[in-house]
Amino acid sequence: MLRPCLMIPPISSWTVALRGVPSWFSPPALGFFFLTTLFSLAPLAGFAQETRIRVAYSAMSGSMAWVWAAKEGGYFDQQGLKVDLIYIGGTAQLFQSMLAGEIDFGIGGGPSIINANVQRRSIVTIAGTLNRMIMKIMAAPQIKTAADIRGKRISITRYGTSTDFAARLFLRSWGLSPEKDSVILQVGSVPNVLASLQSGTSQAGALSPPAHLQAEKMGFSELMDLSKGDIYYPFTYVAVSAAFLEKNRSLIRPFLAASVEGIRRFKTDKAFAKKLVAKYLRIADDKVLEETHQLFSELFERVPYVKREGLVSLAQILAEKDSKVEAVKVDSIVDDRFVRELETSGFIKNLYPEK
């Protein structure tokens, strides 16, 4: 196959007819200058080099749909970031991978951010995409009162996750003790919570949308909706290790810029959003997809600040069991300057033009 090539005549054939031209403008110097310029510009002929980063999320839930939108919508690519998107079940496990240097950006939720910083400042939140407890306690139809749940099992994904905290908050609100009155059963994942309910291994389960709708279809009913009321909770946030933040600050803004574009796309493009949820959660029921989009399109934060109130109240509850938590200073584990920069620069506002 013939390949096009650039033909450069030998320098000996060049002539310079001008008088008074500086010596550095001689034919040999011109040739060297030409070739140096040619090769220095050669990389510009292709695409700009991207930075590869590893991003992990901790739950197979609609609360993670914004990062799927940022990935599938090409917004990370537009920011020069080549993202390897990985699922790691449970925020505690996710943080372990981050501290080991295996994951750059983590998307998790719940009390793990407090627990990870009890000894020292190790994990920092840089954005809060969902600041409400979007969780329901689903149970067998015959369970309606506190007496009915006494001695029964409540399934969660993993200890230390939002499902665990939801189950404990639910039991406390009903005057029950997680240690004495009911068993909190760790089963590993949201699909396993559903399977545990269906098999009768557990009689109640903590589920976030759209999984609670699947539980309804299986015949289970809602005992409590923890999203009701004026309660803030760090349900989904973006976090990095303190070491990563120190060494890679230049990556934070482009990552969050792509993230807020993913949020905007999920909110405003229903067809795209429903395809994402169907793909990642393997849901074909259009009613479930509609309700999932409606819920999260309303609750995802346009300007994703972490609500400090949610972290403070969470730390207070955790301190009831572990006095070491009292040493955690919320302000030291929240870094919202990058979100503030996106807001004050007008970047986020321009994503939502006034009609």
# chains A, B, ... in the order shown; residues from 1 in each chain; ligands from 1
$ residues_around --residues "region 339-354 of chain A" --least-positions-apart "2" --cutoff "12 Å" --atoms "only C-alpha atoms" --output "number ranges by chain"
A: 125-129, 238, 252-265, 267-268, 301-306, 334-337
$ closest_residue --among "A:Ala204, A:Leu213, A:Val124, A:Met224" --to "Asp286 (chain A)" --atoms "only C-alpha atoms"
A:Leu213
$ residues_around --residues "Thr163 (chain A)" --least-positions-apart "3" --cutoff "7 Å" --atoms "only C-alpha atoms" --output "PyMOL selection string"
chain A and resi 156-157+166-167+206-207
$ write_last_selection --atoms "C-alpha atoms" --output "short mmCIF file (atom, residue, chain, number, x, y, z; two decimals), in the first residue's frame"
data_model
loop_
_atom_site.label_atom_id
_atom_site.label_comp_id
_atom_site.auth_asym_id
_atom_site.auth_seq_id
_atom_site.Cartn_x
_atom_site.Cartn_y
_atom_site.Cartn_z
CA ILE A 156 -28.27 -4.80 54.65
CA THR A 157 -25.48 -4.72 52.08
CA ALA A 166 -30.62 3.17 57.87
CA ALA A 167 -31.46 -0.10 59.62
CA ALA A 206 -32.94 -1.61 53.87
CA LEU A 207 -33.22 -0.62 50.23
#
$ select_by_dssp --residues "region 84-161 of chain A" --states "alpha helix (DSSP H)" --output "ChimeraX atom specification"
/A:91-99,112-115,146-149
$ residues_around --residues "region 328-330 of chain A" --least-positions-apart "3" --cutoff "7 Å" --atoms "only C-alpha atoms" --output "list in words"
Asn117, Val118, Leu311, Val312, Val325, Ile333 and Val334 of chain A
$ write_last_selection --atoms "C-alpha atoms" --output "PDB file, in the first residue's frame"
ATOM      1  CA  ASN A 117     -10.943   9.757  59.849  1.00  0.00           C
ATOM      2  CA  VAL A 118     -11.095   8.695  63.500  1.00  0.00           C
ATOM      3  CA  LEU A 311     -22.010  14.982  58.699  1.00  0.00           C
ATOM      4  CA  VAL A 312     -22.313  16.604  62.122  1.00  0.00           C
ATOM      5  CA  VAL A 325     -15.522   9.778  66.895  1.00  0.00           C
ATOM      6  CA  ILE A 333     -12.617  16.377  56.142  1.00  0.00           C
ATOM      7  CA  VAL A 334     -14.633  18.623  53.803  1.00  0.00           C
TER       8      VAL A 334
END
$ closest_residue --among "A:Ile88, A:Leu171, A:Ala195, A:Ile231" --to "Glu309 (chain A)" --atoms "only C-alpha atoms"
A:Ile231
$ atom_distance --atom1 "CA of Gln203 (chain A)" --atom2 "CA of Arg153 (chain A)"
5.6 Å
$ select_by_dssp --residues "region 123-338 of chain A" --states "strand (DSSP E)" --output "MDAnalysis selection string"
chainID A and resid 123:130 136:139 153:156 183:186 204:207 221:225 236:241
$ write_last_selection --atoms "C-alpha atoms" --output "tab-separated table (two decimals), in the first residue's frame"
chain	number	residue	atom	x	y	z
A	123	ILE	CA	-10.20	10.66	53.38
A	124	VAL	CA	-11.61	14.03	52.27
A	125	THR	CA	-14.99	14.76	50.72
A	126	ILE	CA	-14.88	17.19	47.81
A	127	ALA	CA	-18.54	17.13	46.70
A	128	GLY	CA	-21.92	15.96	47.92
A	129	THR	CA	-24.21	14.86	45.11
A	130	LEU	CA	-27.07	13.65	47.33
A	136	LYS	CA	-36.77	2.66	52.77
A	137	ILE	CA	-37.25	-0.21	55.16
A	138	MET	CA	-39.19	-2.91	53.33
A	139	ALA	CA	-40.70	-5.88	55.16
A	153	ARG	CA	-33.56	-10.22	60.76
A	154	ILE	CA	-33.02	-7.02	58.76
A	155	SER	CA	-30.76	-7.46	55.75
A	156	ILE	CA	-28.27	-4.80	54.65
A	183	VAL	CA	-30.43	-8.97	64.01
A	184	ILE	CA	-28.79	-6.88	61.30
A	185	LEU	CA	-27.67	-9.31	58.62
A	186	GLN	CA	-24.87	-8.41	56.16
A	204	ALA	CA	-37.01	-6.86	56.49
A	205	GLY	CA	-34.42	-5.06	54.41
A	206	ALA	CA	-32.94	-1.61	53.87
A	207	LEU	CA	-33.22	-0.62	50.23
A	221	SER	CA	-44.44	-3.37	52.03
A	222	GLU	CA	-42.88	-0.15	53.28
A	223	LEU	CA	-42.28	0.20	57.01
A	224	MET	CA	-40.44	3.54	56.91
A	225	ASP	CA	-39.30	6.13	54.38
A	236	THR	CA	-23.67	10.08	48.15
A	237	TYR	CA	-20.44	12.03	48.03
A	238	VAL	CA	-17.19	12.22	46.07
A	239	ALA	CA	-14.07	11.55	48.11
A	240	VAL	CA	-10.32	11.36	47.61
A	241	SER	CA	-7.51	10.36	49.92
$ closest_residue --among "A:Met218, A:Ala140, A:Leu169, A:Leu289" --to "Thr201 (chain A)" --atoms "only C-alpha atoms"
A:Ala140
$ residues_around --residues "Tyr159 (chain A)" --least-positions-apart "5" --cutoff "10 Å" --atoms "only C-alpha atoms" --output "PyMOL selection string"
chain A and resi 90-92+111-112+164-165+184-188
$ closest_residue --among "A:Ser250, A:Ser182, A:Ser177, A:Ser323" --to "Gly80 (chain A)" --atoms "only C-alpha atoms"
A:Ser250
$ atom_distance --atom1 "CA of Leu295 (chain A)" --atom2 "CA of Phe235 (chain A)"
14.0 Å
$ residues_around --residues "Leu99 (chain A)" --least-positions-apart "3" --cutoff "8 Å" --atoms "only C-alpha atoms" --output "mmCIF file with C-alpha atoms, in the first residue's frame"
data_model
loop_
_atom_site.group_PDB
_atom_site.id
_atom_site.type_symbol
_atom_site.label_atom_id
_atom_site.label_comp_id
_atom_site.auth_asym_id
_atom_site.auth_seq_id
_atom_site.Cartn_x
_atom_site.Cartn_y
_atom_site.Cartn_z
ATOM 1 C CA PHE A 95 -11.894 3.588 51.051
ATOM 2 C CA GLN A 96 -9.462 0.750 51.687
ATOM 3 C CA GLU A 102 -5.654 1.521 43.810
ATOM 4 C CA ILE A 103 -8.495 4.043 43.316
ATOM 5 C CA SER A 122 -7.118 10.215 55.608
ATOM 6 C CA SER A 241 -7.511 10.360 49.923
#
$ residues_around --residues "Tyr87 (chain A)" --least-positions-apart "3" --cutoff "7 Å" --atoms "only C-alpha atoms" --output "VMD selection string"
chain A and resid 56 to 58
$ atom_distance --atom1 "CA of Ala271 (chain A)" --atom2 "CA of Leu226 (chain A)"
28.1 Å
